[in-house]
Protein chains: 2
Amino acid sequence: MNPQRSEARLDESLSEITRLLEKHRVLETLTHRQEGPKRDLLEHLQHRQNLAELQMKVKTLHPADVAHILETLPLDERLLVWQQVATDRRGEVLVELSGAVLDSLLEHTDRQALVSALATLDAEDLGHLAESIPEDLFRDVSKLLDARDRSWLQASINYDENTVGSLMSQEVTFIREQQTVEEAIGYLRSLGELPEQTDQLFVVDARHVLKGAVPLPRLLLHAPGLLATAIMESEIRPFRTDDGAQHAANAFERYNLVSAPVIDERGKLIGRLTVDAVMDFVRNEAEKRALERAGLRGEEDLFASVWDSAKNRAPWLFINLLTAFIASRVIGVFEGTIARLVALATLMPIVASVGGNTGNQTIALMVRGLALDQVKGENSRYMLTKELTVSLVNGLMWGSLMGLFAFTIYRSATLALVMMAAVVLNLLVAAIVGVAVPLMLHKAGRDPAQGASVLLTFITDSMGFFLFLGLARLFLV
Amino acid sequence: MNPQRSEARLDESLSEITRLLEKHRVLETLTHRQEGPKRDLLEHLQHRQNLAELQMKVKTLHPADVAHILETLPLDERLLVWQQVATDRRGEVLVELSGAVLDSLLEHTDRQALVSALATLDAEDLGHLAESIPEDLFRDVSKLLDARDRSWLQASINYDENTVGSLMSQEVTFIREQQTVEEAIGYLRSLGELPEQTDQLFVVDARHVLKGAVPLPRLLLHAPGLLATAIMESEIRPFRTDDGAQHAANAFERYNLVSAPVIDERGKLIGRLTVDAVMDFVRNEAEKRALERAGLRGEEDLFASVWDSAKNRAPWLFINLLTAFIASRVIGVFEGTIARLVALATLMPIVASVGGNTGNQTIALMVRGLALDQVKGENSRYMLTKELTVSLVNGLMWGSLMGLFAFTIYRSATLALVMMAAVVLNLLVAAIVGVAVPLMLHKAGRDPAQGASVLLTFITDSMGFFLFLGLARLFLV
């Protein structure tokens, strides 16, 4: 065996597939252009051979790699590759796909094929797909599950999206407290194989109440006659189904966990949370946040149609236009002032922009502090005082610079002072909004990263114009 | 045992500590205010008892939890708690701290205490701290390591920050290919305990070349006489030290890995990458990105001094001011035009703002696509065409709305048309910049998220003013 590095391997597969798709396209064009039965036959054969090669290539790939490749292809090529995926592997590929790409495949695959693909999945994978697939299709597929899996599925889709319940798995291996090491090993042998990411066995009592956990290596290292309770770890950190997924992620990171038990309110073991689910959650959150910060609500397929893209981006643009309109009306009030001193129009965007930039820095720090549980009710007043002081320092420093800039160009000391005062005041506004808005969103149980920035920019723009033009009207014209 | 949920437990500890700190503060104030030797003695005792309680509480906490609590406290209280941490546990706490908080403690702890704290750490943990602690301190501490650890440390600090090398661990458990299951188990027993996150043993040949891996459960499930090579997995995914950490993270997520081997160019096993290191990397990256997007270069301690904070934020504000100045000079060129039609001053910020907002959406999508390896050279032209079309659609749609708005207020059809044309053109500019800048940054080997947004806003602001005022001068005044 010559182990190959995974990324190198994936890149190779991708270019191999791209080559085959390219060939496919050429053959398609030829077929349409050329005439004559003989040529047709030859090309037909070439065509079929090419597709067979593509099929073979797809077959050797990990489902997650197939999913990745599907995500990097435009719709028509994506569908062509998708058709080459064997029916019994299609389910596994669907589970790995991101929302928007999944939708595109669901839309272009006939119902019967979808049912067969989904029928290969277990309750847990179906649970992940529950929100993405049409309701009637989901109902039909879940009918194929046995009673136990169906009830698990039912429970799991009812958990709130950002809770441990929605991430947990039912594949949990446990032993009883009176079992010995030898019995435990015998039990594992009888199972044949263990679920992925099993680093420990949970120990329960007769009522299925969680008592502790035995890390797998301990089974190897201890005498066969020892009781499970003698070698188990009792300092464990169980979760409840309604614990926040973000909190669970913090705990996994902090304590370097691979798996953790999930218990109900009576302490009974009901499931297991594993690091792969947590890591998926962390990455999805990070990606979602980055997109949401730019006002992209859903995931957007890179190859989505123009119309879908425009629709996806419209709400945000609309909100931003609305706030820009209002800020613009603030300027409108001062048109008389501007008419008398046009320099104001030139300088006012600077005042607005510096407010938005400092405020966004405060927001970034607050959002991070809230996500890491570092900002609490007790120290938020401290934060506000600090941010106000930083703003004052920055305001005086940069405000002077901007005043100097204004003076250099327009030779008016009053204009320079108005500029400086407006900057200082707008930075103080930015500090207050930057601290208060994420805190309020957090207290309201919402994501502080979402919406805070729009609201801030709206206020610092409007206030920037208002303060600068208002002061100018008072002292200058 | 009554397992308690970890987050609840941590919150309780935090409020307990806050209570003790509060009491400490009250006692301090009293001591300074009151006179008389008797009172003094009583308070002195109370004081000592309070600190002893704090010490006890800190003792029961996981090092990561102590670190978390230190991060949520202002400097003076942070130092008080830090002094209660036992000397032999201080090293473990230091490793868990984020950069800025770590600095604050390093600064306020005397050198001898730091050497003792750091001396408890192994080469790997020291490697993590290498960049944060002063060079001479680091040299002194590394002298305390044995030769093997010191050479590992030397190698590990030389790896580039975002590579597998900088994340990998030397704690790797391996067996030889001719060993049997029984011998492997015997070997594990002789080790006594396995490194954290050991889910598999790596199999090497006589020259230490990696041949495969045996998942731990297989040792439990197979007959003692079987050869390691008979039960090993040979489809493994080794990394090299110079592989990108981001690529490794993608692979861990895609294939649900707990650990993976790291090999050198001759295929020899030299280390191991574990999911906890990968998860730390993923979270740090996400946090760093979120802060960098707001122009915060380093991590900023929530309780940093005002001066440190102002310094940390200054470079970004300076860059933004500079771009705002330039954009403002674009307006300056058209002051004559604005003097003749003040409405232009009122409307121009809308044109600039809508360009910035749509452009940032394109950037967010590009950055995500690049991070997930979905955007490649081949499809970037496709992306550009698509984004241009979306911009055209959005421009016509929202441009009409804005034209209508302008017409409603100022009753000028020409002004409305100028507004619409400027919006359409500025959105096309935004699409080009939004696609091109992240691509160029990525090709230059830099983080596409960093800097793209400033550059974009600069261009869409300047171009927004230029297009709108320029068209207005041509057609309106």
# chains A, B, ... in the order shown; residues from 1 in each chain; ligands from 1
call {"tool": "select_by_dssp", "arguments": {"residues": "stretch 263-357 of chain A", "states": "alpha helix (DSSP H)", "output": "NGL selection string"}}
result
:A and (275-293 or 306-333 or 335-340 or 343-357)
call {"tool": "residues_around", "arguments": {"residues": "B:Ala452", "least_positions_apart": "2", "cutoff": "12 Å", "atoms": "only C-alpha atoms", "output": "JSON, numbers by chain"}}
result
{"B": [292, 293, 294, 295, 356, 359, 360, 361, 362, 363, 364, 366, 367, 430, 433, 434, 435, 436, 437, 438, 439, 440, 441, 442, 446, 447, 448, 449, 450, 454, 455, 456, 457, 458, 459]}
call {"tool": "residues_around", "arguments": {"residues": "A:Ala223", "least_positions_apart": "3", "cutoff": "10 Å", "atoms": "only C-alpha atoms", "output": "VMD selection string"}}
result
chain A and resid 180 to 182 218 to 220 226 to 227 231
call {"tool": "select_by_dssp", "arguments": {"residues": "stretch 248-441 of chain A", "states": "strand (DSSP E)", "output": "ChimeraX atom specification"}}
result
/A:259-263,269-274
call {"tool": "write_last_selection", "arguments": {"atoms": "N, CA and C atoms", "output": "PDB file, in the first residue's frame"}}
result
ATOM      1  N   SER A 259     -16.749  11.934  22.496  1.00  0.00           N
ATOM      2  CA  SER A 259     -18.183  11.686  22.611  1.00  0.00           C
ATOM      3  C   SER A 259     -18.633  12.054  24.013  1.00  0.00           C
ATOM      4  N   ALA A 260     -19.934  12.297  24.158  1.00  0.00           N
ATOM      5  CA  ALA A 260     -20.480  12.620  25.476  1.00  0.00           C
ATOM      6  C   ALA A 260     -21.901  12.065  25.548  1.00  0.00           C
ATOM      7  N   PRO A 261     -22.315  11.599  26.726  1.00  0.00           N
ATOM      8  CA  PRO A 261     -23.660  11.038  26.854  1.00  0.00           C
ATOM      9  C   PRO A 261     -24.730  12.128  26.911  1.00  0.00           C
ATOM     10  N   VAL A 262     -25.924  11.786  26.465  1.00  0.00           N
ATOM     11  CA  VAL A 262     -27.068  12.692  26.597  1.00  0.00           C
ATOM     12  C   VAL A 262     -28.096  12.001  27.498  1.00  0.00           C
ATOM     13  N   ILE A 263     -28.555  12.701  28.515  1.00  0.00           N
ATOM     14  CA  ILE A 263     -29.493  12.094  29.469  1.00  0.00           C
ATOM     15  C   ILE A 263     -30.808  12.856  29.486  1.00  0.00           C
ATOM     16  N   LEU A 269     -29.878   7.507  30.323  1.00  0.00           N
ATOM     17  CA  LEU A 269     -29.100   7.661  29.091  1.00  0.00           C
ATOM     18  C   LEU A 269     -30.021   7.536  27.888  1.00  0.00           C
ATOM     19  N   ILE A 270     -30.079   8.552  27.038  1.00  0.00           N
ATOM     20  CA  ILE A 270     -30.962   8.438  25.875  1.00  0.00           C
ATOM     21  C   ILE A 270     -30.235   8.605  24.546  1.00  0.00           C
ATOM     22  N   GLY A 271     -28.987   9.018  24.573  1.00  0.00           N
ATOM     23  CA  GLY A 271     -28.301   9.177  23.293  1.00  0.00           C
ATOM     24  C   GLY A 271     -26.877   9.615  23.513  1.00  0.00           C
ATOM     25  N   ARG A 272     -26.256  10.025  22.437  1.00  0.00           N
ATOM     26  CA  ARG A 272     -24.837  10.317  22.484  1.00  0.00           C
ATOM     27  C   ARG A 272     -24.539  11.461  21.530  1.00  0.00           C
ATOM     28  N   LEU A 273     -23.647  12.333  21.957  1.00  0.00           N
ATOM     29  CA  LEU A 273     -23.227  13.424  21.096  1.00  0.00           C
ATOM     30  C   LEU A 273     -21.787  13.129  20.703  1.00  0.00           C
ATOM     31  N   THR A 274     -21.455  13.234  19.395  1.00  0.00           N
ATOM     32  CA  THR A 274     -20.095  12.911  18.974  1.00  0.00           C
ATOM     33  C   THR A 274     -19.420  14.119  18.347  1.00  0.00           C
TER      34      THR A 274
END
call {"tool": "closest_residue", "arguments": {"among": "A:Met383, A:Val424, A:Ala413, A:Leu365", "to": "A:Trp398", "atoms": "only C-alpha atoms"}}
result
A:Val424
call {"tool": "residues_around", "arguments": {"residues": "B:Asn320", "least_positions_apart": "3", "cutoff": "10 Å", "atoms": "only C-alpha atoms", "output": "list in words"}}
result
Ile350, Ser353, Val354, Asn357 and Thr358 of chain A; Gly295, Ala314, Pro315, Trp316, Leu317, Thr323, Ala324, Phe325, Ile326, Val454, Leu455, Thr457 and Phe458 of chain B
call {"tool": "closest_atom_pairs", "arguments": {"of": "stretch 106-224 of chain B", "to": "stretch 207-216 of chain A", "cutoff": "12 Å", "atoms": "only C-alpha atoms", "output": "Markdown table"}}
result
| residue | atom | partner | partner_atom | distance |
| --- | --- | --- | --- | --- |
| B:Glu193 | CA | A:Pro215 | CA | 10.8 |
| B:Leu194 | CA | A:Leu216 | CA | 10.2 |
| B:Pro195 | CA | A:Pro215 | CA | 11.7 |
| B:Glu196 | CA | A:Pro215 | CA | 10.1 |
| B:Gln197 | CA | A:Pro215 | CA | 10.2 |
| B:Thr198 | CA | A:Leu216 | CA | 9.6 |
| B:Asp199 | CA | A:Leu216 | CA | 8.8 |
| B:Gln200 | CA | A:Leu216 | CA | 10.9 |
| B:Pro215 | CA | A:Leu216 | CA | 11.0 |
| B:Leu216 | CA | A:Leu216 | CA | 7.6 |
| B:Pro217 | CA | A:Leu216 | CA | 7.6 |
| B:Arg218 | CA | A:Leu216 | CA | 11.1 |
| B:Leu219 | CA | A:Leu216 | CA | 10.5 |
| B:Leu220 | CA | A:Leu216 | CA | 9.2 |
call {"tool": "atom_distance", "arguments": {"atom1": "atom CA of A:Glu124", "atom2": "atom CA of A:Glu161"}}
result
14.2 Å
call {"tool": "residues_around", "arguments": {"residues": "stretch 245-252 of chain A", "least_positions_apart": "4", "cutoff": "6 Å", "atoms": "only C-alpha atoms", "output": "number ranges by chain"}}
result
A: 162-164, 256-257, 278
call {"tool": "closest_residue", "arguments": {"among": "A:Val282, A:Ile175, A:Val58, A:Leu370", "to": "chain B", "atoms": "only C-alpha atoms"}}
result
A:Val282
call {"tool": "residues_around", "arguments": {"residues": "B:Met419", "least_positions_apart": "5", "cutoff": "8 Å", "atoms": "only C-alpha atoms", "output": "list in words"}}
result
Val351, Gly399, Met402, Gly403, Ala406 and Phe468 of chain B
call {"tool": "atom_distance", "arguments": {"atom1": "atom CA of B:Ser166", "atom2": "atom CA of B:Thr241"}}
result
7.7 Å
call {"tool": "closest_atom_pairs", "arguments": {"of": "stretch 45-86 of chain B", "to": "stretch 9-21 of chain B", "cutoff": "8 Å", "atoms": "only C-alpha atoms", "output": "JSON lines"}}
result
{"residue": "B:Asn50", "atom": "CA", "partner": "B:Leu20", "partner_atom": "CA", "distance": 6.7}
{"residue": "B:Leu51", "atom": "CA", "partner": "B:Leu20", "partner_atom": "CA", "distance": 7.9}
{"residue": "B:Glu53", "atom": "CA", "partner": "B:Leu20", "partner_atom": "CA", "distance": 7.8}
{"residue": "B:Leu54", "atom": "CA", "partner": "B:Leu20", "partner_atom": "CA", "distance": 6.4}
{"residue": "B:Lys57", "atom": "CA", "partner": "B:Ile17", "partner_atom": "CA", "distance": 7.5}
{"residue": "B:Asp65", "atom": "CA", "partner": "B:Leu10", "partner_atom": "CA", "distance": 7.0}
{"residue": "B:Ile69", "atom": "CA", "partner": "B:Leu14", "partner_atom": "CA", "distance": 6.6}
{"residue": "B:Glu77", "atom": "CA", "partner": "B:Leu21", "partner_atom": "CA", "distance": 7.1}
call {"tool": "residues_around", "arguments": {"residues": "A:Gly165", "least_positions_apart": "4", "cutoff": "8 Å", "atoms": "only C-alpha atoms", "output": "tab-separated table (two decimals) with C-alpha atoms, in the first residue's frame"}}
result
chain	number	residue	atom	x	y	z
A	156	SER	CA	-35.38	14.02	16.70
A	159	TYR	CA	-35.89	19.14	18.75
A	160	ASP	CA	-35.03	22.75	18.22
A	240	ARG	CA	-29.57	17.25	28.06
A	241	THR	CA	-31.48	17.39	24.79
A	242	ASP	CA	-32.42	21.02	25.40
A	243	ASP	CA	-28.86	22.20	26.10
call {"tool": "atom_distance", "arguments": {"atom1": "atom CA of A:Ile157", "atom2": "atom CA of A:Asp110"}}
result
24.7 Å
